[in-house]
$ cat input-v4.txt   # compact mmCIF, C-alpha atoms
# COMPACT_ATOMS: atom_id res chain seq x y z
CA MET A 1 0.00 0.00 0.00
CA LYS A 2 1.36 3.39 -1.00
CA ILE A 3 2.79 5.59 1.75
CA ASP A 4 1.29 9.07 1.43
CA ILE A 5 3.42 11.06 3.84
CA ILE A 6 6.42 10.90 6.19
CA TYR A 7 6.11 12.48 9.65
CA ILE A 8 9.13 13.57 11.68
CA PRO A 9 8.34 14.48 15.30
CA CYS A 10 11.01 16.74 16.76
CA TYR A 11 11.82 19.26 19.45
CA ARG A 12 14.53 21.86 19.79
CA ARG A 13 17.15 19.51 21.21
CA ASP A 14 16.97 17.07 18.27
CA PHE A 15 16.24 19.56 15.50
CA ARG A 16 19.79 19.22 14.16
CA LEU A 17 19.12 15.51 13.73
CA ALA A 18 15.76 16.24 12.11
CA ARG A 19 17.51 18.36 9.47
CA ILE A 20 19.90 15.46 8.79
CA CYS A 21 17.05 12.95 8.66
CA ILE A 22 15.10 15.04 6.15
CA ALA A 23 18.18 15.61 3.98
CA SER A 24 18.59 11.82 3.80
CA ILE A 25 14.94 11.31 2.84
CA ARG A 26 15.13 13.94 0.10
CA HIS A 27 18.30 12.25 -1.24
CA TRP A 28 16.15 9.24 -2.20
CA TYR A 29 12.69 10.78 -2.50
CA PRO A 30 12.62 14.37 -3.79
CA ASP A 31 8.83 14.63 -3.89
CA ILE A 32 7.19 12.64 -1.10
CA PRO A 33 5.35 14.92 1.35
CA ILE A 34 7.26 15.39 4.62
CA THR A 35 5.73 17.01 7.68
CA ILE A 36 7.48 17.80 10.92
CA ILE A 37 5.50 17.78 14.16
CA LYS A 38 6.99 20.36 16.49
CA ASP A 39 7.08 19.92 20.24
CA GLU A 40 8.13 23.07 22.10
CA MET A 41 8.86 21.30 25.38
CA MET A 42 12.43 22.66 25.36
CA HIS A 43 11.75 26.09 23.87
CA SER A 44 10.50 27.13 20.41
CA PHE A 45 12.67 26.82 17.30
CA ASP A 46 12.65 28.23 13.78
CA THR A 47 11.99 25.79 10.91
CA THR A 48 11.45 28.24 8.03
CA GLU A 49 14.76 27.43 6.31
CA LEU A 50 13.99 23.70 6.40
CA GLU A 51 10.48 24.28 5.09
CA ARG A 52 11.69 26.44 2.21
CA VAL A 53 14.72 24.46 1.05
CA PHE A 54 13.41 20.92 1.50
CA ASN A 55 9.71 21.45 0.79
CA VAL A 56 8.65 20.44 4.29
CA SER A 57 5.42 21.40 6.03
CA VAL A 58 4.70 21.86 9.72
CA TYR A 59 1.83 19.97 11.30
CA PRO A 60 -0.92 22.21 12.71
CA GLN A 61 -0.24 22.33 16.41
CA ASN A 62 -3.03 21.10 18.65
CA ALA A 63 -0.71 21.72 21.57
CA ARG A 64 2.64 23.38 22.14
CA LEU A 65 3.94 20.98 24.78
CA TYR A 66 3.45 17.29 23.99
CA GLY A 67 6.20 15.51 25.89
CA TRP A 68 8.31 12.54 24.93
CA GLY A 69 6.91 11.05 21.71
CA PHE A 70 3.29 12.06 22.26
CA SER A 71 3.18 14.44 19.31
CA LYS A 72 2.91 11.34 17.09
CA PHE A 73 -0.61 10.67 18.26
CA GLU A 74 -2.10 13.76 16.64
CA ALA A 75 -1.47 12.50 13.09
CA MET A 76 -2.50 8.96 14.00
CA PHE A 77 -5.91 10.19 15.15
CA GLU A 78 -6.72 11.89 11.83
CA PRO A 79 -9.72 10.69 9.77
CA ALA A 80 -9.31 7.26 8.23
CA GLY A 81 -7.31 6.55 5.14
CA LYS A 82 -3.97 8.35 5.07
CA ARG A 83 -0.97 6.00 5.06
CA PHE A 84 2.04 7.37 6.92
CA LEU A 85 5.59 6.54 7.93
CA PHE A 86 6.82 7.88 11.25
CA LEU A 87 10.56 8.39 11.72
CA ASP A 88 12.23 9.72 14.85
CA ALA A 89 14.74 12.52 14.30
CA ASP A 90 17.76 10.31 15.13
CA ILE A 91 17.21 8.30 11.95
CA VAL A 92 18.85 8.36 8.52
CA MET A 93 17.36 6.74 5.45
CA ALA A 94 20.18 4.64 4.04
CA GLY A 95 18.36 3.85 0.81
CA PRO A 96 14.99 3.66 -0.96
CA VAL A 97 13.15 1.73 1.74
CA LEU A 98 9.61 2.86 0.86
CA GLU A 99 9.31 0.28 -1.92
CA LEU A 100 9.89 -2.48 0.63
CA LEU A 101 7.33 -1.07 3.08
CA GLU A 102 4.73 -0.52 0.37
CA LYS A 103 4.60 -4.24 -0.45
CA TYR A 104 2.35 -4.78 2.57
CA ASP A 105 -1.22 -3.72 3.29
CA ASP A 106 -1.29 -4.36 7.04
CA ASP A 107 -2.69 -1.55 9.17
CA TYR A 108 0.63 -1.14 10.96
CA ILE A 109 4.15 -2.17 9.98
CA VAL A 110 6.69 -2.30 12.80
CA HIS A 111 10.33 -3.27 12.96
CA GLU A 112 10.84 -6.91 13.90
CA GLU A 113 13.21 -6.73 16.84
CA PRO A 114 14.61 -9.36 19.17
CA TYR A 115 13.38 -8.98 22.71
CA SER A 116 13.92 -10.40 26.15
CA LEU A 117 11.70 -10.34 29.21
CA GLU A 118 14.21 -7.98 30.79
CA ASP A 119 13.66 -5.55 27.90
CA VAL A 120 9.87 -5.88 28.20
CA TYR A 121 9.96 -4.84 31.86
CA LYS A 122 12.53 -2.10 31.29
CA TYR A 123 11.26 -0.47 28.09
CA TYR A 124 7.57 -1.39 27.91
CA PHE A 125 5.52 -2.69 30.80
CA ASN A 126 5.38 -4.71 34.00
CA LEU A 127 3.55 -7.83 32.84
CA GLU A 128 2.15 -8.70 36.27
CA GLU A 129 0.75 -5.21 36.81
CA LEU A 130 -0.55 -5.13 33.23
CA LYS A 131 -2.44 -8.36 33.86
CA LYS A 132 -4.10 -6.75 36.89
CA PHE A 133 -4.88 -3.63 34.87
CA ASP A 134 -6.33 -5.60 31.94
CA PRO A 135 -6.99 -9.29 32.74
CA ALA A 136 -8.18 -9.93 29.16
CA PHE A 137 -4.93 -8.71 27.56
CA HIS A 138 -2.78 -11.37 25.89
CA PHE A 139 0.87 -10.46 25.42
CA PRO A 140 1.83 -11.52 21.85
CA GLU A 141 5.48 -12.26 22.71
CA PHE A 142 6.96 -9.33 20.81
CA THR A 143 7.53 -5.61 21.23
CA PHE A 144 8.35 -2.82 18.79
CA ASN A 145 10.37 0.36 18.95
CA THR A 146 8.09 3.29 18.11
CA GLY A 147 10.88 5.31 16.49
CA GLN A 148 9.88 3.91 13.12
CA PHE A 149 6.59 2.47 11.99
CA VAL A 150 4.07 2.62 9.16
CA GLY A 151 0.45 3.18 10.06
CA THR A 152 -2.97 4.03 8.73
CA ALA A 153 -4.75 7.10 10.09
CA GLY A 154 -7.98 6.48 11.94
CA LYS A 155 -7.19 2.94 13.05
CA LEU A 156 -6.43 4.27 16.52
CA LYS A 157 -8.53 6.89 18.28
CA ARG A 158 -7.89 9.25 21.15
CA SER A 159 -10.51 7.42 23.17
CA ASP A 160 -8.40 4.24 22.95
CA PHE A 161 -5.80 6.01 25.08
CA ASP A 162 -8.09 7.88 27.48
CA PRO A 163 -7.61 5.32 30.29
CA LEU A 164 -3.83 5.54 29.81
CA VAL A 165 -2.94 9.15 29.04
CA GLU A 166 -3.79 12.48 30.61
CA TRP A 167 -4.20 14.89 27.67
CA SER A 168 -2.55 17.79 29.46
CA GLU A 169 0.42 19.84 28.25
CA PRO A 170 2.66 17.92 28.39
CA ARG A 171 0.90 14.55 28.13
CA ILE A 172 1.19 12.31 31.19
CA VAL A 173 1.04 8.52 31.40
CA LYS A 174 -1.47 7.69 34.13
CA ARG A 175 -0.20 4.27 35.22
CA THR A 176 3.57 4.35 35.54
CA ASP A 177 3.33 1.22 37.69
CA VAL A 178 2.14 -0.61 34.57
CA PHE A 179 3.93 1.27 31.78
CA THR A 180 7.53 1.36 32.91
CA PHE A 181 9.32 3.41 30.25
CA GLY A 182 8.92 7.10 29.53
CA GLY A 183 7.03 8.50 26.58
CA GLU A 184 4.46 7.05 24.23
CA GLN A 185 6.21 3.74 23.47
CA PRO A 186 4.68 1.49 26.17
CA VAL A 187 1.09 2.72 25.75
CA LEU A 188 1.28 2.59 21.95
CA ASN A 189 2.60 -0.99 22.11
CA TYR A 190 -0.20 -1.97 24.46
CA VAL A 191 -3.04 -0.46 22.43
CA VAL A 192 -1.75 -1.83 19.11
CA MET A 193 -1.28 -5.30 20.64
CA LYS A 194 -4.71 -5.25 22.27
CA LYS A 195 -6.46 -4.26 19.04
CA MET A 196 -4.46 -6.85 17.12
CA GLY A 197 -5.53 -9.53 19.61
CA GLU A 198 -9.16 -8.48 19.21
CA GLY A 199 -8.92 -8.73 15.42
CA MET A 200 -9.47 -4.99 14.97
CA LEU A 201 -6.03 -4.21 13.59
CA SER A 202 -3.39 -6.09 11.58
CA VAL A 203 0.34 -5.80 12.25
CA LYS A 204 3.25 -6.78 10.01
CA ARG A 205 6.65 -7.24 11.62
CA LEU A 206 9.44 -6.51 9.17
CA ASN A 207 13.20 -6.13 9.49
CA PHE A 208 13.82 -2.66 8.03
CA MET A 209 15.96 -0.90 10.66
CA ARG A 210 19.58 -1.11 11.77
CA GLU A 211 21.00 0.38 14.96
CA GLY A 212 24.10 2.53 15.12
CA LEU A 213 26.16 -0.41 16.38
CA ASN A 214 24.80 -2.94 13.87
CA PRO A 215 27.41 -4.64 11.59
CA ASP A 216 25.35 -3.58 8.55
CA THR A 217 25.72 0.03 9.67
CA ALA A 218 29.47 -0.41 9.99
CA ALA A 219 29.62 -1.72 6.40
CA ILE A 220 27.88 1.25 4.76
CA SER A 221 29.88 3.02 2.05
CA ILE A 222 29.56 6.80 1.78
CA ASP A 223 30.57 6.57 -1.89
CA ARG A 224 27.69 4.19 -2.52
CA LEU A 225 25.28 6.61 -0.83
CA ASP A 226 26.60 9.39 -3.06
CA ARG A 227 25.95 7.28 -6.15
CA LYS A 228 22.38 6.72 -4.86
CA GLU A 229 23.03 3.00 -4.66
CA GLY A 230 21.59 2.73 -1.19
CA TYR A 231 20.67 0.06 1.30
CA PRO A 232 17.12 -1.23 1.91
CA PHE A 233 16.91 -0.10 5.53
CA ILE A 234 16.93 2.91 7.80
CA LEU A 235 19.52 3.66 10.49
CA HIS A 236 18.32 4.49 13.98
CA TRP A 237 20.78 5.56 16.66
CA HIS A 238 18.41 4.70 19.52
CA ASP A 239 21.04 2.31 20.88
CA LYS A 240 23.66 5.06 20.95
CA LYS A 241 22.01 8.46 21.09
CA PRO A 242 24.05 11.06 19.21
CA ASP A 243 25.41 13.89 21.33
CA VAL A 244 23.71 16.13 18.83
CA PHE A 245 25.30 19.36 20.01
CA ASP A 246 28.85 18.02 19.87
CA PRO A 247 29.95 19.66 16.60
CA ARG A 248 31.58 16.45 15.31
CA MET A 249 29.25 14.03 17.14
CA ARG A 250 32.25 12.26 18.63
CA GLN A 251 31.78 8.85 20.28
CA ILE A 252 28.91 8.08 17.88
CA PRO A 253 29.26 4.97 15.70
CA ARG A 254 29.36 5.96 12.02
CA ASN A 255 29.06 9.66 12.78
CA ASP A 256 30.42 10.16 9.25
CA ILE A 257 27.00 9.13 7.87
CA LEU A 258 25.25 11.77 9.95
CA LEU A 259 27.81 14.40 9.01
CA HIS A 260 27.59 13.41 5.34
CA PHE A 261 23.85 14.12 5.18
CA GLU A 262 24.33 17.26 7.24
CA LYS A 263 26.77 18.46 4.59
CA ILE A 264 24.11 17.76 1.94
CA TYR A 265 21.61 19.79 3.98
CA PHE A 266 23.89 22.83 4.17
CA GLU A 267 24.86 22.61 0.50
CA LYS A 268 21.20 22.61 -0.59
CA ALA A 269 20.56 25.52 1.77
CA SER A 270 23.52 27.38 0.17
CA ILE A 271 25.29 27.72 3.51
CA GLY A 272 29.06 27.80 3.17
CA VAL A 273 31.62 26.01 5.32
CA PHE A 274 32.34 28.96 7.62
CA ARG A 275 28.68 29.76 8.27
CA ARG A 276 27.76 26.12 8.91
CA LYS A 277 30.61 25.74 11.42
CA LEU A 278 29.54 28.95 13.10
CA ARG A 279 25.91 27.76 13.31
CA ILE A 280 26.83 24.38 14.79
CA GLN A 281 29.12 25.99 17.36
CA TRP A 282 26.42 28.52 18.25
CA GLU A 283 23.80 25.77 18.66
CA HIS A 284 26.24 23.89 20.90
CA LEU A 285 26.83 26.96 23.09
CA TYR A 286 23.13 27.92 23.18
CA ASP A 287 22.09 24.44 24.23
CA THR A 288 24.73 24.24 26.95
CA VAL A 289 23.71 27.59 28.46
CA LEU A 290 19.97 26.90 28.19
CA MET A 291 20.11 23.38 29.64
CA LYS A 292 22.35 24.33 32.54
CA SER A 293 20.18 27.34 33.30
CA LEU A 294 17.08 25.13 33.42
CA LEU A 295 18.82 22.60 35.66
CA LEU A 296 19.98 25.38 37.97
CA ILE A 297 16.48 26.90 38.16
CA ARG A 298 14.98 23.49 38.95
CA GLY A 299 17.59 22.90 41.66
CA GLN A 300 18.98 19.84 39.87
CA ILE A 301 22.50 21.26 39.88
CA GLY A 302 24.32 23.76 42.06
CA PHE A 303 26.47 26.69 40.97
CA ARG A 304 29.49 24.42 40.54
CA GLY A 305 27.49 22.29 38.14
CA LEU A 306 27.51 25.16 35.65
CA PHE A 307 31.16 24.35 34.96
CA ARG A 308 30.68 20.63 34.38
CA LYS A 309 29.68 18.95 31.14
CA ILE A 310 26.00 17.96 30.95
$ encode --input "input-v4.txt" --output "structure tokens"
Amino acid sequence: MKIDIIYIPCYRRDFRLARICIASIRHWYPDIPITIIKDEMMHSFDTTELERVFNVSVYPQNARLYGWGFSKFEAMFEPAGKRFLFLDADIVMAGPVLELLEKYDDDYIVHEEPYSLEDVYKYYFNLEELKKFDPAFHFPEFTFNTGQFVGTAGKLKRSDFDPLVEWSEPRIVKRTDVFTFGGEQPVLNYVVMKKMGEGMLSVKRLNFMREGLNPDTAAISIDRLDRKEGYPFILHWHDKKPDVFDPRMRQIPRNDILLHFEKIYFEKASIGVFRRKLRIQWEHLYDTVLMKSLLLIRGQIGFRGLFRKI
């Protein structure tokens, strides 16, 4: 089934990654609609350059402050029909993966990932407490990372999440004793699994993502990317979050891939080497000052903490 649009949820602290992600998408797909969903949890940020140069739209904001991952829900709750791909900002498209995803008509397509019970309890839910919360729920023996998935609008409704989420700004998970990891991931897994078990929603599990530390990621050739001879998967650094404000993203596996698509972004935006270095350094300084100021105001660090690395 054809994918109509790609959504990129982002906030100020991962906007640099969102620019890189979108540059990688446009490398393979010049025309597919891309919409960013802005969360202003950590201050507002300007996206006009990205919109103009890369033909990107901004999702109409139903809220300013969503909280970790919850901005995704707004597009999922739209009227039925639209087929979408959600990508977190810390993702790069390593090749033309849409053709693979469009082979399937299932309501949702999620990455097929290995899992352990330890991971279930750490990143998703406490199975004993979940059984008390919903005795009829049957755990299907898999989980999925919500950083990348294909879905169909209208298959999930806000009311499906009313018992789980407080629709405040930011959104709040009501039962943290049941849903053990922050953000939307545990509750989205639960609702999708429950509807799948009730026959109300179909799910396809497909191997289309590689982590930053995956051997396939290590084998990627920048020259091959340049020749547009890509790889049929996306790269997601969820296993090794990029220190996005480090100008060279040191300590990040295959940071050269991220920096390669960042270079493409700046070239298309007609921003020369000096100006791009100045911008990255400024973003690094701005983030350091802002974050330490917030931590100081909240009492999470003392005055001496201002001189330590976050």
$ residues_around --input "input-v4.txt" --residues "Pro232 of chain A" --least-positions-apart "6" --cutoff "8 Å" --atoms "all atoms listed in the file" --output "PDB file with C-alpha atoms, keeping the file's coordinate frame"
ATOM      1  CA  ALA A  94      20.180   4.640   4.040  1.00  0.00           C
ATOM      2  CA  GLY A  95      18.360   3.850   0.810  1.00  0.00           C
ATOM      3  CA  PRO A  96      14.990   3.660  -0.960  1.00  0.00           C
ATOM      4  CA  VAL A  97      13.150   1.730   1.740  1.00  0.00           C
ATOM      5  CA  LEU A 100       9.890  -2.480   0.630  1.00  0.00           C
ATOM      6  CA  PHE A 208      13.820  -2.660   8.030  1.00  0.00           C
TER       7      PHE A 208
END
$ atom_distance --input "input-v4.txt" --atom1 "atom CA of Phe70 of chain A" --atom2 "atom CA of Ile172 of chain A"
9.2 Å
$ closest_residue --input "input-v4.txt" --among "A:Lys174, A:Arg205, A:His27, A:His43" --to "Phe15 of chain A" --atoms "only C-alpha atoms"
A:His43
$ residues_around --input "input-v4.txt" --residues "Phe73 of chain A" --least-positions-apart "2" --cutoff "9 Å" --atoms "only C-alpha atoms" --output "PDB file with C-alpha atoms, keeping the file's coordinate frame"
ATOM      1  CA  GLY A  69       6.910  11.050  21.710  1.00  0.00           C
ATOM      2  CA  PHE A  70       3.290  12.060  22.260  1.00  0.00           C
ATOM      3  CA  SER A  71       3.180  14.440  19.310  1.00  0.00           C
ATOM      4  CA  ALA A  75      -1.470  12.500  13.090  1.00  0.00           C
ATOM      5  CA  MET A  76      -2.500   8.960  14.000  1.00  0.00           C
ATOM      6  CA  PHE A  77      -5.910  10.190  15.150  1.00  0.00           C
ATOM      7  CA  GLU A  78      -6.720  11.890  11.830  1.00  0.00           C
ATOM      8  CA  LEU A 156      -6.430   4.270  16.520  1.00  0.00           C
ATOM      9  CA  LYS A 157      -8.530   6.890  18.280  1.00  0.00           C
ATOM     10  CA  ARG A 158      -7.890   9.250  21.150  1.00  0.00           C
ATOM     11  CA  GLU A 184       4.460   7.050  24.230  1.00  0.00           C
TER      12      GLU A 184
END
$ residues_around --input "input-v4.txt" --residues "Leu164 of chain A" --least-positions-apart "5" --cutoff "7 Å" --atoms "all atoms listed in the file" --output "list in words"
Val173, Lys174, Arg175 and Val187 of chain A
$ closest_residue --input "input-v4.txt" --among "A:Trp68, A:Phe261, A:Phe86, A:Tyr104" --to "Met1 of chain A" --atoms "all atoms listed in the file"
A:Tyr104
$ atom_distance --input "input-v4.txt" --atom1 "atom CA of Phe179 of chain A" --atom2 "atom CA of Tyr124 of chain A"
5.9 Å
$ residues_around --input "input-v4.txt" --residues "Val92 of chain A" --least-positions-apart "6" --cutoff "7 Å" --atoms "all atoms listed in the file" --output "ChimeraX atom specification"
/A:21,24,234-236
$ write_last_selection --input "input-v4.txt" --atoms "C-alpha atoms" --output "PDB file, in the coordinates of the input"
ATOM      1  CA  CYS A  21      17.050  12.950   8.660  1.00  0.00           C
ATOM      2  CA  SER A  24      18.590  11.820   3.800  1.00  0.00           C
ATOM      3  CA  ILE A 234      16.930   2.910   7.800  1.00  0.00           C
ATOM      4  CA  LEU A 235      19.520   3.660  10.490  1.00  0.00           C
ATOM      5  CA  HIS A 236      18.320   4.490  13.980  1.00  0.00           C
TER       6      HIS A 236
END
$ residues_near_point --input "input-v4.txt" --point "(4.7, 16.7, -3.4)" --cutoff "12 Å" --atoms "all atoms listed in the file" --output "VMD selection string"
chain A and resid 4 to 6 26 29 to 35 54 to 57
$ closest_residue --input "input-v4.txt" --among "A:Gly197, A:Arg19, A:Leu101, A:Val203" --to "Glu49 of chain A" --atoms "only C-alpha atoms"
A:Arg19
$ residues_around --input "input-v4.txt" --residues "Arg83 of chain A" --least-positions-apart "2" --cutoff "10 Å" --atoms "all atoms listed in the file" --output "count of residues only"
19
$ closest_residue --input "input-v4.txt" --among "A:Asp14, A:Glu40, A:Asp90, A:Asp256" --to "Glu211 of chain A" --atoms "only C-alpha atoms"
A:Asp90
